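Structure file structure.txt; described as compact mmCIF, C-alpha atoms.
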# COMPACT_ATOMS: atom_id res chain seq x y z
CA MET I 7 84.02 88.00 129.40
CA ILE I 8 84.71 90.88 127.02
CA SER I 9 84.82 90.68 123.23
CA VAL I 10 87.99 90.27 121.18
CA GLU I 11 87.59 93.74 119.69
CA GLU I 12 87.08 95.35 123.10
CA ALA I 13 90.16 93.60 124.46
CA ARG I 14 92.23 94.76 121.49
CA LYS I 15 91.00 98.33 121.95
CA ASN I 16 91.85 98.32 125.67
CA ILE I 17 95.36 97.00 125.05
CA LEU I 18 96.20 99.47 122.30
CA SER I 19 94.82 102.48 124.19
CA ALA I 20 97.22 101.72 127.06
CA LEU I 21 100.38 101.64 124.94
CA THR I 22 102.62 104.50 123.82
CA PRO I 23 105.55 104.36 121.37
CA VAL I 24 109.01 103.63 122.73
CA SER I 25 111.92 106.08 122.55
CA THR I 26 113.96 106.78 119.41
CA GLU I 27 117.48 106.20 118.18
CA SER I 28 119.53 107.31 115.19
CA ILE I 29 120.87 104.53 112.96
CA SER I 30 122.74 104.15 109.70
CA LEU I 31 120.70 103.64 106.56
CA HIS I 32 122.55 100.32 106.13
CA ASN I 33 120.70 98.99 109.21
CA ALA I 34 117.33 100.66 108.69
CA SER I 35 115.35 98.08 106.70
CA GLY I 36 112.34 96.92 108.73
CA ARG I 37 112.64 99.75 111.26
CA VAL I 38 109.92 102.34 111.95
CA LEU I 39 110.59 105.99 111.14
CA ALA I 40 110.15 108.39 114.06
CA GLU I 41 110.25 111.56 111.94
CA ASP I 42 109.29 112.83 108.51
CA ILE I 43 112.16 112.73 106.01
CA GLN I 44 112.81 115.61 103.59
CA ALA I 45 114.95 115.22 100.49
CA ARG I 46 118.38 116.84 100.70
CA ARG I 47 118.68 117.16 96.93
CA THR I 48 116.61 117.33 93.75
CA GLN I 49 116.34 114.15 91.68
CA PRO I 50 117.34 114.40 88.91
CA PRO I 51 119.27 117.60 89.59
CA SER I 52 118.83 118.79 85.99
CA ASP I 53 117.11 117.62 82.80
CA MET I 54 118.63 114.22 81.98
CA SER I 55 118.57 111.89 79.00
CA ALA I 56 116.66 108.65 79.51
CA MET I 57 118.41 106.93 76.56
CA ASP I 58 121.62 106.83 74.57
CA GLY I 59 121.30 109.00 71.47
CA TYR I 60 121.54 112.64 70.35
CA ALA I 61 120.26 115.85 71.94
CA VAL I 62 118.64 118.02 69.24
CA LYS I 63 116.18 120.83 68.61
CA ILE I 64 112.74 119.58 67.59
CA SER I 65 112.57 122.46 65.07
CA ASP I 66 115.41 120.77 63.11
CA LEU I 67 113.29 117.64 62.61
CA SER I 68 110.51 119.15 60.50
CA LYS I 69 111.78 117.13 57.56
CA ILE I 70 113.11 113.57 57.92
CA PRO I 71 115.75 112.43 57.20
CA VAL I 72 117.91 115.34 58.26
CA THR I 73 121.68 115.56 58.79
CA LEU I 74 123.07 117.52 61.75
CA THR I 75 126.58 118.41 62.88
CA VAL I 76 127.76 116.68 66.08
CA ILE I 77 129.50 119.36 68.17
CA GLY I 78 130.26 117.40 71.37
CA GLU I 79 129.01 114.85 73.85
CA ALA I 80 127.29 114.73 77.26
CA PRO I 81 128.12 111.53 79.19
CA ALA I 82 126.62 110.55 82.52
CA GLY I 83 128.64 112.36 85.15
CA GLY I 84 129.82 114.96 82.62
CA SER I 85 128.20 117.71 80.55
CA TYR I 86 128.31 119.75 77.35
CA ASP I 87 128.35 123.36 78.55
CA ALA I 88 127.85 125.38 75.32
CA THR I 89 124.40 126.20 73.95
CA LEU I 90 123.09 124.01 71.10
CA GLN I 91 122.31 125.94 67.90
CA SER I 92 120.06 125.05 64.98
CA GLY I 93 121.57 122.37 62.74
CA GLN I 94 123.63 120.92 65.58
CA ALA I 95 123.42 117.77 67.76
CA VAL I 96 125.19 116.58 70.91
CA ARG I 97 125.98 112.92 71.45
CA ILE I 98 124.35 112.06 74.77
CA PHE I 99 124.25 109.00 77.01
CA THR I 100 121.71 107.69 79.53
CA GLY I 101 121.92 109.91 82.59
CA GLY I 102 123.75 112.68 80.76
CA PRO I 103 122.53 116.27 81.33
CA VAL I 104 120.60 117.76 78.43
CA PRO I 105 122.59 120.66 76.89
CA LYS I 106 121.17 124.19 76.81
CA GLY I 107 119.16 124.77 73.66
CA ALA I 108 118.22 121.08 73.19
CA ASP I 109 114.62 119.99 73.79
CA THR I 110 114.48 116.42 72.46
CA ILE I 111 116.48 113.19 72.48
CA VAL I 112 116.63 111.01 69.37
CA ILE I 113 117.66 107.47 70.29
CA GLN I 114 120.76 106.14 68.56
CA GLU I 115 118.82 103.29 66.91
CA ASN I 116 117.05 105.91 64.77
CA THR I 117 120.27 107.53 63.54
CA SER I 118 123.33 106.83 61.41
CA ARG I 119 126.71 108.42 62.10
CA ASP I 120 129.44 109.45 59.67
CA GLY I 121 132.29 111.28 61.38
CA ASP I 122 130.99 114.58 62.74
CA LEU I 123 127.68 114.20 60.95
CA VAL I 124 124.62 112.34 62.21
CA THR I 125 121.54 111.60 60.11
CA ILE I 126 118.21 111.48 61.94
CA GLU I 127 116.23 108.78 60.13
CA GLU I 128 113.01 108.74 62.17
CA GLY I 129 111.11 111.65 63.67
CA THR I 130 109.94 112.02 67.26
CA GLU I 131 107.96 114.44 69.45
CA LYS I 132 109.27 117.36 71.46
CA GLY I 133 110.63 116.41 74.90
CA ARG I 134 110.92 112.71 74.08
CA PHE I 135 113.31 110.77 76.37
CA ILE I 136 114.08 113.76 78.58
CA ARG I 137 113.69 113.29 82.34
CA LYS I 138 112.86 116.73 83.69
CA ALA I 139 114.70 118.08 86.73
CA GLY I 140 112.87 117.16 89.95
CA ILE I 141 110.50 114.68 88.27
CA ASP I 142 111.28 112.18 91.06
CA PHE I 143 111.53 114.57 94.02
CA LYS I 144 112.71 118.08 94.85
CA GLU I 145 114.98 119.28 97.62
CA GLY I 146 112.93 119.92 100.77
CA GLU I 147 110.01 117.69 99.74
CA THR I 148 108.85 115.11 102.29
CA GLY I 149 109.53 111.67 100.88
CA LEU I 150 108.60 109.42 103.80
CA PHE I 151 106.53 110.03 106.92
CA SER I 152 106.87 109.14 110.57
CA GLY I 153 105.38 105.73 111.38
CA LYS I 154 106.49 104.15 108.10
CA THR I 155 108.05 100.70 108.36
CA LEU I 156 111.03 100.95 106.04
CA THR I 157 111.13 98.48 103.16
CA PRO I 158 114.13 97.83 100.88
CA ARG I 159 112.38 100.11 98.36
CA ASP I 160 112.31 102.88 100.95
CA ILE I 161 116.02 102.41 101.63
CA GLY I 162 116.68 103.06 97.94
CA LEU I 163 114.58 106.23 98.05
CA LEU I 164 116.32 107.52 101.18
CA ALA I 165 119.73 106.87 99.66
CA ALA I 166 118.76 108.81 96.53
CA MET I 167 117.52 111.63 98.79
CA ASN I 168 121.07 111.74 100.25
CA ILE I 169 119.95 110.59 103.71
CA PRO I 170 122.74 108.56 105.41
CA TRP I 171 121.13 108.37 108.89
CA VAL I 172 117.52 108.09 110.07
CA THR I 173 115.75 108.50 113.40
CA VAL I 174 113.67 105.42 114.16
CA ARG I 175 111.83 103.91 117.09
CA ARG I 176 114.05 101.48 118.93
CA LYS I 177 112.86 97.90 118.87
CA PRO I 178 110.44 97.23 121.76
CA VAL I 179 111.83 94.90 124.42
CA VAL I 180 109.36 92.15 125.32
CA ALA I 181 110.10 90.15 128.47
CA LEU I 182 108.75 86.57 128.44
CA LEU I 183 108.06 84.81 131.74
CA SER I 184 106.92 81.19 131.71
CA THR I 185 105.28 79.70 134.81
CA GLY I 186 104.76 76.16 136.07
CA ASP I 187 106.52 73.39 138.02
CA GLU I 188 105.77 71.07 135.12
CA LEU I 189 108.02 72.93 132.68
CA VAL I 190 111.67 72.35 131.79
CA ARG I 191 113.77 73.91 129.06
CA PRO I 192 114.56 71.93 125.89
CA GLY I 193 117.58 69.68 126.48
CA GLU I 194 117.30 69.66 130.28
CA PRO I 195 116.53 66.49 132.30
CA VAL I 196 112.80 65.80 132.25
CA GLY I 197 111.01 64.43 135.31
CA PRO I 198 108.20 61.86 135.08
CA ASN I 199 105.51 64.52 135.42
CA GLN I 200 107.12 67.29 133.41
CA ILE I 201 106.89 68.62 129.86
CA ILE I 202 109.20 70.65 127.66
CA SER I 203 108.61 74.40 127.69
CA SER I 204 107.89 75.37 124.08
CA ASN I 205 105.85 78.53 124.57
CA ALA I 206 108.71 80.90 125.35
CA LEU I 207 110.66 79.97 122.21
CA LEU I 208 107.51 80.04 120.08
CA VAL I 209 106.39 83.49 121.28
CA ALA I 210 109.97 84.82 121.17
CA ALA I 211 110.12 83.93 117.48
CA MET I 212 106.85 85.78 116.90
CA VAL I 213 108.14 88.82 118.80
CA GLU I 214 111.20 88.92 116.54
CA MET I 215 109.01 88.53 113.46
CA ALA I 216 106.94 91.51 114.61
CA GLY I 217 110.04 93.67 115.07
CA GLY I 218 110.58 93.36 118.83
CA ILE I 219 113.43 92.07 120.98
CA PRO I 220 112.42 89.08 123.14
CA ILE I 221 114.04 88.60 126.55
CA ASP I 222 113.47 85.20 128.16
CA LEU I 223 113.20 85.64 131.94
CA GLY I 224 113.03 81.88 132.47
CA ILE I 225 110.52 79.58 134.14
CA ALA I 226 108.97 80.63 137.46
CA GLN I 227 107.96 77.83 139.79
CA ASP I 228 104.49 77.62 141.25
CA ASN I 229 105.31 79.57 144.39
CA GLU I 230 105.12 83.20 145.34
CA GLN I 231 108.83 83.77 145.91
CA SER I 232 109.91 82.37 142.54
CA LEU I 233 107.32 84.29 140.54
CA ARG I 234 108.00 87.55 142.35
CA HIS I 235 111.77 87.21 141.92
CA MET I 236 111.66 86.38 138.22
CA ALA I 237 109.13 89.12 137.42
CA GLU I 238 111.72 91.63 138.66
CA GLY I 239 113.53 91.11 135.36
CA ALA I 240 110.73 92.85 133.48
CA LYS I 241 111.39 96.28 135.00
CA SER I 242 113.45 97.46 132.03
CA ALA I 243 111.15 95.91 129.41
CA ASP I 244 108.54 97.72 127.35
CA LEU I 245 106.07 94.84 127.69
CA LEU I 246 105.87 91.83 130.02
CA VAL I 247 104.28 88.69 128.60
CA THR I 248 103.52 85.89 131.07
CA LEU I 249 102.94 82.41 129.67
CA GLY I 250 100.63 80.30 131.83
CA GLY I 251 99.34 80.94 135.32
CA ALA I 252 96.48 83.15 134.14
CA SER I 253 93.61 80.71 134.70
CA VAL I 254 91.60 79.89 137.85
CA GLY I 255 93.42 76.88 139.27
CA ASP I 256 95.05 76.79 142.71
CA HIS I 257 98.49 76.95 141.08
CA ASP I 258 97.69 79.80 138.69
CA LEU I 259 99.39 82.51 140.72
CA VAL I 260 99.99 85.38 138.30
CA GLN I 261 97.08 87.56 139.42
CA THR I 262 97.56 86.81 143.12
CA VAL I 263 101.31 87.22 143.37
CA LEU I 264 101.82 90.07 140.94
CA GLY I 265 98.77 91.81 142.39
CA LYS I 266 100.71 92.14 145.63
CA GLU I 267 103.60 93.65 143.64
CA GLY I 268 101.46 96.37 142.07
CA LEU I 269 99.74 94.67 139.13
CA ASN I 270 96.62 96.59 138.12
CA ILE I 271 94.30 94.39 136.01
CA ASP I 272 92.45 96.02 133.12
CA PHE I 273 90.63 92.86 132.02
CA TRP I 274 90.77 89.10 132.40
CA ARG I 275 88.94 86.57 130.22
CA ILE I 276 87.83 87.08 126.63
CA ALA I 277 84.98 85.54 124.67
CA MET I 278 87.31 83.64 122.35
CA ARG I 279 88.58 80.11 121.83
CA PRO I 280 91.40 79.38 122.38
CA GLY I 281 92.69 82.21 124.58
CA LYS I 282 89.79 82.77 126.97
CA PRO I 283 91.93 83.44 130.10
CA LEU I 284 93.97 86.25 128.47
CA MET I 285 94.83 88.99 130.95
CA PHE I 286 96.00 92.57 130.48
CA GLY I 287 97.17 95.10 133.02
CA ASP I 288 100.00 97.29 134.26
CA LEU I 289 102.80 96.20 136.59
CA ASN I 290 104.31 99.34 138.09
CA GLY I 291 104.40 101.14 134.75
CA THR I 292 105.16 98.11 132.57
CA PRO I 293 102.24 96.87 130.43
CA MET I 294 101.58 93.18 131.10
CA LEU I 295 99.92 90.68 128.77
CA GLY I 296 99.09 87.41 130.53
CA MET I 297 98.71 84.62 128.00
CA PRO I 298 97.30 81.12 128.54
CA GLY I 299 99.77 78.27 128.90
CA ASN I 300 98.68 76.21 125.90
CA PRO I 301 100.87 76.82 122.82
CA VAL I 302 97.98 77.15 120.38
CA SER I 303 96.37 79.74 122.63
CA SER I 304 99.64 81.66 122.70
CA VAL I 305 99.88 81.71 118.91
CA VAL I 306 96.29 82.88 118.47
CA CYS I 307 96.70 85.57 121.13
CA SER I 308 99.98 86.67 119.53
CA TYR I 309 98.33 87.16 116.15
CA ILE I 310 95.31 88.97 117.59
CA PHE I 311 96.87 90.99 120.43
CA LEU I 312 100.68 90.76 120.66
CA TYR I 313 101.43 91.71 117.04
CA PRO I 314 99.34 94.92 117.14
CA ALA I 315 100.74 95.71 120.62
CA ILE I 316 104.29 95.61 119.23
CA ASP I 317 103.11 97.77 116.33
CA ALA I 318 101.78 100.37 118.79
CA LEU I 319 104.99 100.32 120.82
CA SER I 320 107.00 100.65 117.59
CA GLY I 321 105.10 103.78 116.56
CA ARG I 322 103.32 102.31 113.55
CA SER I 323 99.61 101.86 112.93
CA PRO I 324 98.52 98.63 114.69
CA ARG I 325 97.63 95.96 112.19
CA LYS I 326 94.36 94.14 112.06
CA THR I 327 94.57 90.42 111.56
CA LEU I 328 94.61 89.56 107.87
CA VAL I 329 91.38 87.69 107.08
CA SER I 330 90.76 86.08 103.68
CA PRO I 331 87.78 84.22 102.14
CA ALA I 332 87.98 80.46 101.62
CA ILE I 333 85.76 77.46 100.82
CA LEU I 334 84.97 74.61 103.23
CA SER I 335 85.89 71.09 102.14
CA HIS I 336 83.39 69.51 104.58
CA ASP I 337 80.45 70.26 106.87
CA ILE I 338 81.05 71.99 110.24
CA LYS I 339 78.85 72.39 113.32
CA GLU I 340 77.43 75.60 114.76
CA ASN I 341 79.61 77.71 117.08
CA ASP I 342 78.88 78.75 120.68
CA GLN I 343 79.15 82.19 122.32
CA ARG I 344 82.92 82.56 121.84
CA GLU I 345 84.80 83.79 118.77
CA ASP I 346 86.63 80.70 117.54
CA TYR I 347 90.00 80.25 115.84
CA GLN I 348 90.29 76.69 114.56
CA ARG I 349 93.41 75.04 113.12
CA ALA I 350 92.98 74.28 109.43
CA LYS I 351 94.91 73.50 106.28
CA ILE I 352 94.56 74.78 102.74
CA ILE I 353 94.35 71.63 100.63
CA GLY I 354 93.54 73.03 97.20
CA GLU I 355 91.43 75.58 95.38
CA LYS I 356 87.77 75.91 94.46
CA ASP I 357 86.15 78.71 92.46
CA GLY I 358 89.33 80.76 92.73
CA LEU I 359 89.46 80.55 96.54
CA PRO I 360 91.50 78.36 98.92
CA LEU I 361 89.84 75.07 99.85
CA VAL I 362 90.28 74.47 103.59
CA GLU I 363 89.97 71.46 105.85
CA LEU I 364 89.70 71.61 109.64
CA PHE I 365 91.81 69.33 111.80
CA SER I 366 89.55 66.86 113.54
CA ASN I 367 91.15 67.43 116.95
CA GLN I 368 91.15 71.08 118.02
CA ASP I 369 92.75 70.59 121.45
CA SER I 370 94.73 73.75 122.22
CA SER I 371 97.80 71.83 123.37
CA LEU I 372 98.49 70.02 120.08
CA LEU I 373 101.72 71.41 118.65
CA SER I 374 101.81 68.86 115.82
CA ALA I 375 98.48 70.13 114.48
CA LEU I 376 99.62 73.72 114.96
CA SER I 377 102.79 73.07 112.97
CA ALA I 378 100.86 71.31 110.21
CA ALA I 379 98.24 74.09 109.99
CA ASN I 380 98.72 76.92 107.52
CA CYS I 381 95.65 78.93 108.52
CA PHE I 382 93.10 79.53 111.26
CA LEU I 383 89.41 79.30 110.41
CA LYS I 384 87.78 82.26 112.16
CA ARG I 385 84.18 81.86 113.33
CA ALA I 386 81.96 84.50 114.88
CA PRO I 387 80.05 83.85 118.10
CA PHE I 388 76.91 81.77 117.47
CA ALA I 389 77.87 81.16 113.83
CA PRO I 390 75.46 78.61 112.31
CA ALA I 391 76.38 75.17 111.02
CA LEU I 392 77.80 75.25 107.49
CA LYS I 393 77.74 72.77 104.64
CA LYS I 394 80.60 71.68 102.43
CA GLY I 395 81.25 74.36 99.81
CA SER I 396 80.23 77.26 102.07
CA GLN I 397 82.40 80.38 102.16
CA VAL I 398 84.30 81.02 105.41
CA SER I 399 86.99 83.39 106.73
CA ILE I 400 90.56 82.25 107.33
CA ILE I 401 93.73 83.82 108.76
CA PRO I 402 96.78 82.71 106.72
CA LEU I 403 99.68 81.66 108.95
CA ASP I 404 102.50 81.31 106.43
CA GLU I 405 102.61 84.92 105.29
CA GLY I 406 105.72 85.79 107.32
CA TYR I 407 104.72 89.17 108.69
CA PRO I 408 100.97 89.53 107.99
CA ARG I 409 99.52 93.01 107.67
CA CYS I 410 96.08 94.28 106.73
Translate the structure of the given file into structure tokens.
Amino acid sequence: MISVEEARKNILSALTPVSTESISLHNASGRVLAEDIQARRTQPPSDMSAMDGYAVKISDLSKIPVTLTVIGEAPAGGSYDATLQSGQAVRIFTGGPVPKGADTIVIQENTSRDGDLVTIEEGTEKGRFIRKAGIDFKEGETGLFSGKTLTPRDIGLLAAMNIPWVTVRRKPVVALLSTGDELVRPGEPVGPNQIISSNALLVAAMVEMAGGIPIDLGIAQDNEQSLRHMAEGAKSADLLVTLGGASVGDHDLVQTVLGKEGLNIDFWRIAMRPGKPLMFGDLNGTPMLGMPGNPVSSVVCSYIFLYPAIDALSGRSPRKTLVSPAILSHDIKENDQREDYQRAKIIGEKDGLPLVELFSNQDSSLLSALSAANCFLKRAPFAPALKKGSQVSIIPLDEGYPRC
């Protein structure tokens, strides 16, 4: 068995970013930039007023109060094009360009107006309430860099930079192939010895959350012909994920059958629980991640390996699993040689940290416990027994799209 970190490193070193596409800014939130973006304009394009008030010369405010002659106005979207002289003021509005000759804005609350005369009743400092040209960004400056996952805030910046289209990485296509005679799809007739296939839908939802496009290839039966035929559907995918069939039983055929079709195994079996039989390799140019059949194992492996794999394919820096400190609500036993990810629930708070409780049954097939859990308790190999109140490490599960 190899370590979790070694497995992660092997997977990520084998992956390269997918191709690019050009999309409208309207559709770009959550996508990954494939190029640096330079501003196409200067923001603001000239000195602008940050408030409603009057543009003046600071030299006219040596004595307060002082009365000035209003010679025009500068609204947002307009301008006053003559040069301001001593003893004069220009009525200006938020976003209006500062007239030539003016060097200060006096806000209207500190003035009184009588026809063409305005009295400045409170002094201010030079340059007050003027937004200098280019204070936000200048034309030609790089505003965002390749590999950035675009947030709504970034969309606002790009729009202000006058960028209507962006080049991004296309969403990675992840083909999901379930295996096992015991599986049927939700809603289909269920035989006496069958169970409902939940893994494909579960992992597909996680693929979408990570920014990929899941493609469900269906359920391959436990025979060579069925598995070979259904795996053909992964040829156009960026990543093949098999669900089940990666263990050592007589009916676990993934290695045997796909090996005949060109599967080259990088590693198989990891020192972790759950998820020990995880497999990674290459099937004729398509990276393949072979996950265990148990749903809990699939979720753990998705957090630890699938999420960062989709990051790498998307051209962004692969995340590390978000780990947070917490406090135990009860005693726990020592751990064995495998890194352990146990289902747990945050039940309160102690000393400013989450208070967590482990589920008593940690069987990796229990979907009810998985649904009820809101974190994994992560334990290192050979971790000692811990008493109630000890500090531990948890992985929050209800953070939507967790990133380090």
Point to revise | Two-atom distance - atom CA of Ala378 of chain I, atom CA of Leu361 of chain I (Å) | key: 15.6 Å
Exercise for review: Name the residues within 10 Å of (121.3, 108.6, 70.6), counting all atoms listed in the file in the file's coordinates, and put them as a list in words.
Suggested key: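 With a cut-off of 10 Å, the residues come to Ser55, Met57, Asp58, Gly59, Tyr60, Ala61, Val62, Ala95, Val96, Arg97, Ile98, Phe99, Thr100, Ile111, Val112, Ile113, Gln114, Glu115, Asn116, Thr117, Ser118, Val124 and Ile126 of chain I.
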**Study point:** Distance criterion (all atoms listed in the file): nearest to Asp187 of chain I out of I:Pro51, I:Leu245, I:Leu259, I:Asp317
**Key:** I:Leu259
Exercise for review: Would you mind telling me which residue in I:Asn300, I:Leu39, I:Gly239, I:Ala166 lies nearest to Ser152 of chain I when using only C-alpha atoms?
Suggested key: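 Of I:Asn300, I:Leu39, I:Gly239, I:Ala166, the one nearest Ser152 of chain I is I:Leu39, counting only C-alpha atoms.
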Check your understanding: Within 9 Å of His32 of chain I, counting only C-alpha atoms, which residues qualify if same-chain residues fewer than 6 places away don't, as a ChimeraX atom specification?
Key -> /I:161,170-171
Check your understanding: From the set I:Ser85, I:Thr248, I:Ser377, I:Ser92, which residue has the shortest atom-to-atom contact distance to Val104 of chain I, counting all atoms listed in the file?
Key ->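 Selected residue with least distance to Val104 of chain I: I:Ser85.
Between atom CA of Gly186 of chain I and atom CA of Leu246 of chain I there is a distance of 16.8 Å.
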Exercise for review: One decimal, Å: what's the distance from atom CA of Gly149 of chain I over to atom CA of Glu41 of chain I, could you say?
Suggested key: 11.1 Å
Practice item. Find the residue from I:Asp160, I:Asp66, I:Asp288, I:Asp142 that sits nearest to Thr125 of chain I; use all atoms listed in the file when measuring. Key: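 Among I:Asp160, I:Asp66, I:Asp288, I:Asp142, it is I:Asp66 that comes nearest to Thr125 of chain I.
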Point to revise | Polymer residues at most 10 Å from segment 225-229 of chain I, all atoms listed in the file, same-chain spacing of 5 or more positions, as a list in words | key: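 After dropping sequence-adjacent residues, the list is Leu182, Leu183, Ser184, Thr185, Gly186, Asp187, Glu188, Leu189, Val190, Arg191, Ser203, Ala206, Arg234, His235, Met236, Ala237, Thr248, Leu249, Gly251, Asp256, His257, Asp258, Leu259, Val260 and Val263 of chain I.
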Could you please take those selected residues and save C-alpha atoms as a PDB file, keeping the file's coordinate frame?
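Okay, result10.pdb is ready:
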ATOM      1  CA  LEU I 182     108.750  86.570 128.440  1.00  0.00           C
ATOM      2  CA  LEU I 183     108.060  84.810 131.740  1.00  0.00           C
ATOM      3  CA  SER I 184     106.920  81.190 131.710  1.00  0.00           C
ATOM      4  CA  THR I 185     105.280  79.700 134.810  1.00  0.00           C
ATOM      5  CA  GLY I 186     104.760  76.160 136.070  1.00  0.00           C
ATOM      6  CA  ASP I 187     106.520  73.390 138.020  1.00  0.00           C
ATOM      7  CA  GLU I 188     105.770  71.070 135.120  1.00  0.00           C
ATOM      8  CA  LEU I 189     108.020  72.930 132.680  1.00  0.00           C
ATOM      9  CA  VAL I 190     111.670  72.350 131.790  1.00  0.00           C
ATOM     10  CA  ARG I 191     113.770  73.910 129.060  1.00  0.00           C
ATOM     11  CA  SER I 203     108.610  74.400 127.690  1.00  0.00           C
ATOM     12  CA  ALA I 206     108.710  80.900 125.350  1.00  0.00           C
ATOM     13  CA  ARG I 234     108.000  87.550 142.350  1.00  0.00           C
ATOM     14  CA  HIS I 235     111.770  87.210 141.920  1.00  0.00           C
ATOM     15  CA  MET I 236     111.660  86.380 138.220  1.00  0.00           C
ATOM     16  CA  ALA I 237     109.130  89.120 137.420  1.00  0.00           C
ATOM     17  CA  THR I 248     103.520  85.890 131.070  1.00  0.00           C
ATOM     18  CA  LEU I 249     102.940  82.410 129.670  1.00  0.00           C
ATOM     19  CA  GLY I 251      99.340  80.940 135.320  1.00  0.00           C
ATOM     20  CA  ASP I 256      95.050  76.790 142.710  1.00  0.00           C
ATOM     21  CA  HIS I 257      98.490  76.950 141.080  1.00  0.00           C
ATOM     22  CA  ASP I 258      97.690  79.800 138.690  1.00  0.00           C
ATOM     23  CA  LEU I 259      99.390  82.510 140.720  1.00  0.00           C
ATOM     24  CA  VAL I 260      99.990  85.380 138.300  1.00  0.00           C
ATOM     25  CA  VAL I 263     101.310  87.220 143.370  1.00  0.00           C
TER      26      VAL I 263
END
Review point. Closest to Met285 of chain I among I:Pro301, I:Phe311, I:Asn205, I:Val172, using only C-alpha atoms?
Key: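 So, comparing all the options, the nearest one is I:Phe311.
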**Study point:** Selected residue of minimal separation from Thr22 of chain I among I:Ser335, I:Asn341, I:Thr292, I:Asn380, counting only C-alpha atoms
**Key:**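 Of all the options, I:Thr292 lies closest to Thr22 of chain I.
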Because the input lacks atoms here, generate N, CA and C atoms for segment 333-349 of chain I and report them as an mmCIF file, in the coordinates of the input.
data_model
loop_
_atom_site.group_PDB
_atom_site.id
_atom_site.type_symbol
_atom_site.label_atom_id
_atom_site.label_comp_id
_atom_site.auth_asym_id
_atom_site.auth_seq_id
_atom_site.Cartn_x
_atom_site.Cartn_y
_atom_site.Cartn_z
ATOM 1 N N ILE I 333 86.879 78.388 101.004
ATOM 2 C CA ILE I 333 85.760 77.460 100.820
ATOM 3 C C ILE I 333 85.971 76.229 101.691
ATOM 4 N N LEU I 334 84.911 75.794 102.372
ATOM 5 C CA LEU I 334 84.970 74.610 103.230
ATOM 6 C C LEU I 334 85.004 73.327 102.396
ATOM 7 N N SER I 335 85.832 72.383 102.826
ATOM 8 C CA SER I 335 85.890 71.090 102.140
ATOM 9 C C SER I 335 84.959 70.062 102.772
ATOM 10 N N HIS I 336 84.280 70.451 103.869
ATOM 11 C CA HIS I 336 83.390 69.510 104.580
ATOM 12 C C HIS I 336 82.426 70.300 105.445
ATOM 13 N N ASP I 337 81.418 69.617 105.981
ATOM 14 C CA ASP I 337 80.450 70.260 106.870
ATOM 15 C C ASP I 337 81.101 70.601 108.209
ATOM 16 N N ILE I 338 80.620 71.679 108.862
ATOM 17 C CA ILE I 338 81.050 71.990 110.240
ATOM 18 C C ILE I 338 79.826 72.341 111.081
ATOM 19 N N LYS I 339 79.950 72.148 112.392
ATOM 20 C CA LYS I 339 78.850 72.390 113.320
ATOM 21 C C LYS I 339 78.735 73.879 113.653
ATOM 22 N N GLU I 340 77.627 74.223 114.327
ATOM 23 C CA GLU I 340 77.430 75.600 114.760
ATOM 24 C C GLU I 340 78.445 75.953 115.870
ATOM 25 N N ASN I 341 78.683 77.234 116.054
ATOM 26 C CA ASN I 341 79.610 77.710 117.080
ATOM 27 C C ASN I 341 78.834 78.187 118.309
ATOM 28 N N ASP I 342 79.527 78.265 119.462
ATOM 29 C CA ASP I 342 78.880 78.750 120.680
ATOM 30 C C ASP I 342 79.113 80.242 120.838
ATOM 31 N N GLN I 343 79.101 80.750 122.087
ATOM 32 C CA GLN I 343 79.150 82.190 122.320
ATOM 33 C C GLN I 343 80.527 82.813 122.174
ATOM 34 N N ARG I 344 81.564 82.008 121.920
ATOM 35 C CA ARG I 344 82.920 82.560 121.840
ATOM 36 C C ARG I 344 83.406 82.628 120.388
ATOM 37 N N GLU I 345 84.133 83.703 120.065
ATOM 38 C CA GLU I 345 84.800 83.790 118.770
ATOM 39 C C GLU I 345 85.834 82.685 118.693
ATOM 40 N N ASP I 346 85.827 81.917 117.603
ATOM 41 C CA ASP I 346 86.630 80.700 117.540
ATOM 42 C C ASP I 346 87.689 80.789 116.450
ATOM 43 N N TYR I 347 88.886 80.292 116.786
ATOM 44 C CA TYR I 347 90.000 80.250 115.840
ATOM 45 C C TYR I 347 90.473 78.801 115.750
ATOM 46 N N GLN I 348 90.049 78.111 114.682
ATOM 47 C CA GLN I 348 90.290 76.690 114.560
ATOM 48 C C GLN I 348 91.442 76.402 113.588
ATOM 49 N N ARG I 349 92.290 75.426 113.973
ATOM 50 C CA ARG I 349 93.410 75.040 113.120
ATOM 51 C C ARG I 349 92.897 74.370 111.854
#
